[in-house]
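S.K.: The following block contains the structure, expressed as structure tokens.
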Amino acid sequence: MPFTLALLACDPTTEPVPEAAVRGEAPAFSAQAPVLRRLTFAQYENTVDALFGEGLVLPVALEPDTRVSGLYAVGASVTSISSLGVERYESAAFDIAEQVMADDARRAALVPCTPADPVDTECAERVIALLGPRAWRRPLDSEEIDRLVGVADTAGDTLDDFYAGLGYAVAALLQSPYFLFLPEVGEEDPDRPGGRRYNGYEMASRLSYFLWNTMPDDPLFAAAAAGDLVTAEGVAAQVERMLADPRARSGMQSFITDAWMLGDLDSLTKDPLVYTYMSAGLGGSARQQTLLDAEAIVFDDDTDFRTVLTSNRTHLDRTLAAIYDVPAPAREGFGVAELPESGGRRGLLGQVSFLALQSHATSTSVTKRGIFVREVLLCQELPTPPAGLNTSIPETTESTPTMRDRVAQHLEDPSCAACHNYMDPIGLGFENFDGIGRWRTEENGVTIDASGELDGTEFGDAWELGGAVAEHPAFAPCVNESLYHYANGRVEGEGEAEVVDWHAEGFVVEGYRLKFLMADIATGDAFRTAGVVE
């Protein structure tokens, strides 16, 4: 469970997960009420691609994703759609439908019949009977099919064009809450009197959007129809299949992107007069490096996930190699490289994705970098500073030439020191890297001191700090907690705390393998059990 550091007595102590050799039995838990999750922007795009094929021009602006409890996946459960958002979804639906109908190959894949007239009810019904259950991720009843076919018939008659009319029915499918949301209601569980479970089609979507970040495929739909996804054995079989599928790599990358805020790299901005290595593609390259490194650890090696903070094996393109001052491992695209210890960087905390994103446009930020470690990697919640409090670091002077000097001056104010003492000293450990991630040894002619201490563990520089974070008793539980929240689209309730800890224990016992943890959460009783709809 995350904890909040008291405003005047910040104390980031965390109880470690017991390193038992064997995990105990799954604890009892209180099932939480289902949530209504809206598709995130990435899920919307992935689902449209799965329905109609890649290559469509998709909208660049829909209802914006909102980060809640550190994740867009959680925000999707608690935010509504604005009136402007409704208009954007409507416009996007018609635009997508028009592109599909104008593309002979896509249209042929969608329409399994040759319409005889502008109004061909039988042909329209065949299209809706095939597309509808995939778009809404569940069977449609006869009334729903008739309504959509009626839209196609009426529009086809008015426009004197079957395909133009069918486009209106496709747009209706894509505007429906059944497409835009992941409805989860559950059903009575015959094996547990008074209990509820997610039905097969709800489980198909829960699994696919967790493990793949897109809609279910045909085998998942078939498993749902056969009743396999309401049994632990049936779910386990599908999870094993899904994690062996290449789409699981994209799903894992979606989790990392959400949890580590890598999507913000799309809007990375730096002053080019200060940082001459800044380029338009730097943010994308930085995100790809981090994701490729995580993918190699989780799927290629299936090894200790903590090495994401300590490994000096990485993936670089020419853009990043120039910033890291090492030879590019490939002429085009990304290649694998071994970073030298003399370069001072290893793992996530030595990468541009962290160092540049958690900095200002013209300078580093010890506070932003420290907050990222505390809140994102260790799940330690820091209180919001009081309104009106000046939190800015003092300007450079002759007596305060380095960031360490200026931070020391800043911490003389007790109203700031109470919590900045738990952020800024961590951030100072990264001061050998400038605001874009380039290595430096001096600031304003003074040698940088990057040493410090993290909750009792001393470090001399960023290289050692990465190891201290990896070994911190809160890191592994934080990974587990973030993944549990991401999978369920919500923060755990009071009755789930023990089961979250149980998953964390399994993560430890199984060698901190994230692939195991993904399967463990997806096959867990809590993931399959629905509470009462409130």
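Letters A, B, ... go to the chains of the structure tokens in the order shown; residues in each chain start at 1; ligands are counted from 1 in the same order.
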Using only C-alpha atoms, determine which residues lie at most 7 Å from stretch 154-158 of chain A, disregarding the query and same-chain residues fewer than 6 positions distant; provide the list as an NGL selection string.

M.R.: :A and (118-119 or 164-166 or 168)

S.K.: For the helix (DSSP H, G or I) assignment from backbone DSSP, which residues of stretch 189-349 of chain A qualify? Please present them as a ChimeraX atom specification.

M.R.: /A:200-211,218-225,228-230,232-243,247-259,262-267,282-300,305-309,318-324,341-343,348-349

S.K.: Might you pull out every residue within 10 Å of A:Ala42, with only C-alpha atoms counted and same-chain residues fewer than 4 positions away left off, and present them as a compact mmCIF listing (two decimals) with N, CA, C and O atoms, in the first residue's frame?

M.R.:
```
# COMPACT_ATOMS: atom_id res chain seq x y z
N ASN A 46 -5.24 1.02 -30.72
CA ASN A 46 -4.94 -0.40 -30.89
C ASN A 46 -6.18 -1.19 -31.29
O ASN A 46 -6.11 -2.13 -32.10
N THR A 47 -7.32 -0.84 -30.71
CA THR A 47 -8.55 -1.56 -31.00
C THR A 47 -9.03 -1.28 -32.41
O THR A 47 -9.47 -2.20 -33.12
N ASP A 65 -6.47 11.55 -21.80
CA ASP A 65 -6.26 10.64 -20.67
C ASP A 65 -5.87 11.45 -19.44
O ASP A 65 -5.21 12.49 -19.54
N ASN A 213 -3.02 -4.81 -24.16
CA ASN A 213 -3.47 -3.43 -24.34
C ASN A 213 -4.28 -3.25 -25.61
O ASN A 213 -4.27 -2.18 -26.23
N THR A 214 -5.01 -4.28 -26.00
CA THR A 214 -5.89 -4.21 -27.15
C THR A 214 -7.02 -5.20 -26.96
O THR A 214 -7.09 -5.89 -25.93
N SER A 254 3.32 -1.14 -22.75
CA SER A 254 2.25 -0.18 -22.42
C SER A 254 2.21 0.09 -20.92
O SER A 254 2.00 1.22 -20.49
```

S.K.: Excluding same-chain residues fewer than 3 positions from stretch 343-352 of chain A, what lies within 6 Å of it counting only C-alpha atoms, as a PDB file with all heavy atoms, in the first residue's frame?

M.R.:
```
ATOM      1  N   ALA A 286      14.519   8.059 -26.863  1.00  0.00           N
ATOM      2  CA  ALA A 286      14.697   7.783 -25.441  1.00  0.00           C
ATOM      3  C   ALA A 286      13.658   6.784 -24.936  1.00  0.00           C
ATOM      4  O   ALA A 286      13.978   5.867 -24.167  1.00  0.00           O
ATOM      5  CB  ALA A 286      14.617   9.083 -24.645  1.00  0.00           C
ATOM      6  N   VAL A 308      16.699  -3.744 -14.454  1.00  0.00           N
ATOM      7  CA  VAL A 308      16.357  -2.582 -15.283  1.00  0.00           C
ATOM      8  C   VAL A 308      17.003  -1.317 -14.730  1.00  0.00           C
ATOM      9  O   VAL A 308      17.164  -0.323 -15.440  1.00  0.00           O
ATOM     10  CB  VAL A 308      14.822  -2.419 -15.382  1.00  0.00           C
ATOM     11  CG1 VAL A 308      14.231  -1.818 -14.106  1.00  0.00           C
ATOM     12  CG2 VAL A 308      14.426  -1.576 -16.591  1.00  0.00           C
ATOM     13  N   LEU A 309      17.417  -1.366 -13.458  1.00  0.00           N
ATOM     14  CA  LEU A 309      18.075  -0.230 -12.821  1.00  0.00           C
ATOM     15  C   LEU A 309      19.583  -0.391 -12.735  1.00  0.00           C
ATOM     16  O   LEU A 309      20.290   0.574 -12.402  1.00  0.00           O
ATOM     17  CB  LEU A 309      17.524  -0.025 -11.404  1.00  0.00           C
ATOM     18  CG  LEU A 309      16.053   0.350 -11.288  1.00  0.00           C
ATOM     19  CD1 LEU A 309      15.624   0.334  -9.827  1.00  0.00           C
ATOM     20  CD2 LEU A 309      15.780   1.704 -11.907  1.00  0.00           C
ATOM     21  N   THR A 310      20.090  -1.577 -13.021  1.00  0.00           N
ATOM     22  CA  THR A 310      21.515  -1.819 -12.778  1.00  0.00           C
ATOM     23  C   THR A 310      22.279  -2.331 -13.993  1.00  0.00           C
ATOM     24  O   THR A 310      23.513  -2.383 -13.958  1.00  0.00           O
ATOM     25  CB  THR A 310      21.700  -2.838 -11.644  1.00  0.00           C
ATOM     26  OG1 THR A 310      21.071  -4.075 -12.012  1.00  0.00           O
ATOM     27  CG2 THR A 310      21.091  -2.325 -10.347  1.00  0.00           C
ATOM     28  N   SER A 311      21.609  -2.726 -15.048  1.00  0.00           N
ATOM     29  CA  SER A 311      22.298  -3.290 -16.197  1.00  0.00           C
ATOM     30  C   SER A 311      22.955  -2.197 -17.045  1.00  0.00           C
ATOM     31  O   SER A 311      22.352  -1.141 -17.284  1.00  0.00           O
ATOM     32  CB  SER A 311      21.320  -4.083 -17.068  1.00  0.00           C
ATOM     33  OG  SER A 311      21.969  -4.564 -18.232  1.00  0.00           O
ATOM     34  N   ASN A 312      24.165  -2.473 -17.505  1.00  0.00           N
ATOM     35  CA  ASN A 312      24.801  -1.536 -18.425  1.00  0.00           C
ATOM     36  C   ASN A 312      24.684  -2.023 -19.872  1.00  0.00           C
ATOM     37  O   ASN A 312      25.243  -1.429 -20.780  1.00  0.00           O
ATOM     38  CB  ASN A 312      26.274  -1.297 -18.053  1.00  0.00           C
ATOM     39  CG  ASN A 312      27.120  -2.552 -18.157  1.00  0.00           C
ATOM     40  OD1 ASN A 312      26.603  -3.659 -18.030  1.00  0.00           O
ATOM     41  ND2 ASN A 312      28.402  -2.381 -18.384  1.00  0.00           N
ATOM     42  N   PRO A 340      30.237   1.601 -20.735  1.00  0.00           N
ATOM     43  CA  PRO A 340      31.390   1.467 -19.835  1.00  0.00           C
ATOM     44  C   PRO A 340      31.110   2.091 -18.476  1.00  0.00           C
ATOM     45  O   PRO A 340      30.398   3.092 -18.369  1.00  0.00           O
ATOM     46  CB  PRO A 340      32.483   2.238 -20.575  1.00  0.00           C
ATOM     47  CG  PRO A 340      31.739   3.269 -21.362  1.00  0.00           C
ATOM     48  CD  PRO A 340      30.459   2.609 -21.794  1.00  0.00           C
ATOM     49  N   LEU A 355      16.402  11.181 -17.251  1.00  0.00           N
ATOM     50  CA  LEU A 355      17.198  12.369 -16.944  1.00  0.00           C
ATOM     51  C   LEU A 355      16.678  13.626 -17.637  1.00  0.00           C
ATOM     52  O   LEU A 355      16.627  14.701 -17.031  1.00  0.00           O
ATOM     53  CB  LEU A 355      18.653  12.126 -17.348  1.00  0.00           C
ATOM     54  CG  LEU A 355      19.361  11.012 -16.571  1.00  0.00           C
ATOM     55  CD1 LEU A 355      20.664  10.624 -17.261  1.00  0.00           C
ATOM     56  CD2 LEU A 355      19.628  11.449 -15.125  1.00  0.00           C
ATOM     57  N   ALA A 356      16.285  13.515 -18.886  1.00  0.00           N
ATOM     58  CA  ALA A 356      15.797  14.687 -19.620  1.00  0.00           C
ATOM     59  C   ALA A 356      14.357  15.016 -19.253  1.00  0.00           C
ATOM     60  O   ALA A 356      13.995  16.183 -19.106  1.00  0.00           O
ATOM     61  CB  ALA A 356      15.923  14.455 -21.118  1.00  0.00           C
ATOM     62  N   GLY A 437      20.769  14.794 -20.191  1.00  0.00           N
ATOM     63  CA  GLY A 437      21.361  13.491 -19.934  1.00  0.00           C
ATOM     64  C   GLY A 437      22.811  13.356 -20.337  1.00  0.00           C
ATOM     65  O   GLY A 437      23.375  12.262 -20.272  1.00  0.00           O
ATOM     66  N   TRP A 463      25.691   5.827 -10.500  1.00  0.00           N
ATOM     67  CA  TRP A 463      25.884   4.391 -10.715  1.00  0.00           C
ATOM     68  C   TRP A 463      25.514   3.619  -9.462  1.00  0.00           C
ATOM     69  O   TRP A 463      24.757   2.638  -9.523  1.00  0.00           O
ATOM     70  CB  TRP A 463      27.350   4.139 -11.105  1.00  0.00           C
ATOM     71  CG  TRP A 463      27.696   2.722 -11.411  1.00  0.00           C
ATOM     72  CD1 TRP A 463      27.900   1.717 -10.511  1.00  0.00           C
ATOM     73  CD2 TRP A 463      27.891   2.140 -12.701  1.00  0.00           C
ATOM     74  NE1 TRP A 463      28.225   0.553 -11.156  1.00  0.00           N
ATOM     75  CE2 TRP A 463      28.227   0.779 -12.502  1.00  0.00           C
ATOM     76  CE3 TRP A 463      27.850   2.640 -14.006  1.00  0.00           C
ATOM     77  CZ2 TRP A 463      28.494  -0.079 -13.569  1.00  0.00           C
ATOM     78  CZ3 TRP A 463      28.119   1.776 -15.061  1.00  0.00           C
ATOM     79  CH2 TRP A 463      28.426   0.447 -14.842  1.00  0.00           C
TER      80      TRP A 463
END
```

S.K.: Quick one, how far is atom CA of A:Leu268 from atom CA of A:Thr40?

M.R.: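 Atom-to-atom, atom CA of A:Leu268 and atom CA of A:Thr40 are spaced 20.8 Å apart.
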
S.K.: Please indicate the distance in Å from atom CA of A:Val499 to atom CA of A:Pro27, rounded to one decimal place.

M.R.: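 Those two atoms sit 5.9 Å apart.
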
S.K.: Figure out the distance between atom CA of A:Ser250 and atom CA of A:Leu62, please, to one decimal in Å.

M.R.: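 A separation of 21.9 Å between them.
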
S.K.: Can you tell me, as a list in words, what residues are no more than 8 Å from A:Ala236 when counting only C-alpha atoms, ignoring any on the same chain fewer than 4 positions away?

M.R.: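 Skipping anything fewer than 4 positions along the chain leaves Ala232, Glu240 and Thr523 of chain A.
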
S.K.: Using C-alpha atoms, can you export the residues from the last selection as a PDB file, in the first residue's frame?

M.R.:
```
ATOM      1  CA  ALA A 232      -9.305 -20.861 -13.110  1.00  0.00           C
ATOM      2  CA  GLU A 240      -0.007 -18.915 -20.902  1.00  0.00           C
ATOM      3  CA  THR A 523      -4.700 -15.825 -12.952  1.00  0.00           C
TER       4      THR A 523
END
```

S.K.: Here is a test: counting only C-alpha atoms, which residue of A:Ala135, A:Leu339, A:Ala129, A:Leu514 is nearest to A:Pro177?

M.R.: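 Closest candidate: A:Ala135.
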
S.K.: What lies within 9 Å of A:Gln253 using only C-alpha atoms, ignoring chain neighbours under 3 positions off, as a PyMOL selection string?

M.R.: chain A and resi 248-250+256-258+291-292+294-295

S.K.: Pick the closest to A:Ser482 from A:Arg134, A:His503, A:His315, A:Arg37: which is it, counting only C-alpha atoms?

M.R.: A:His503
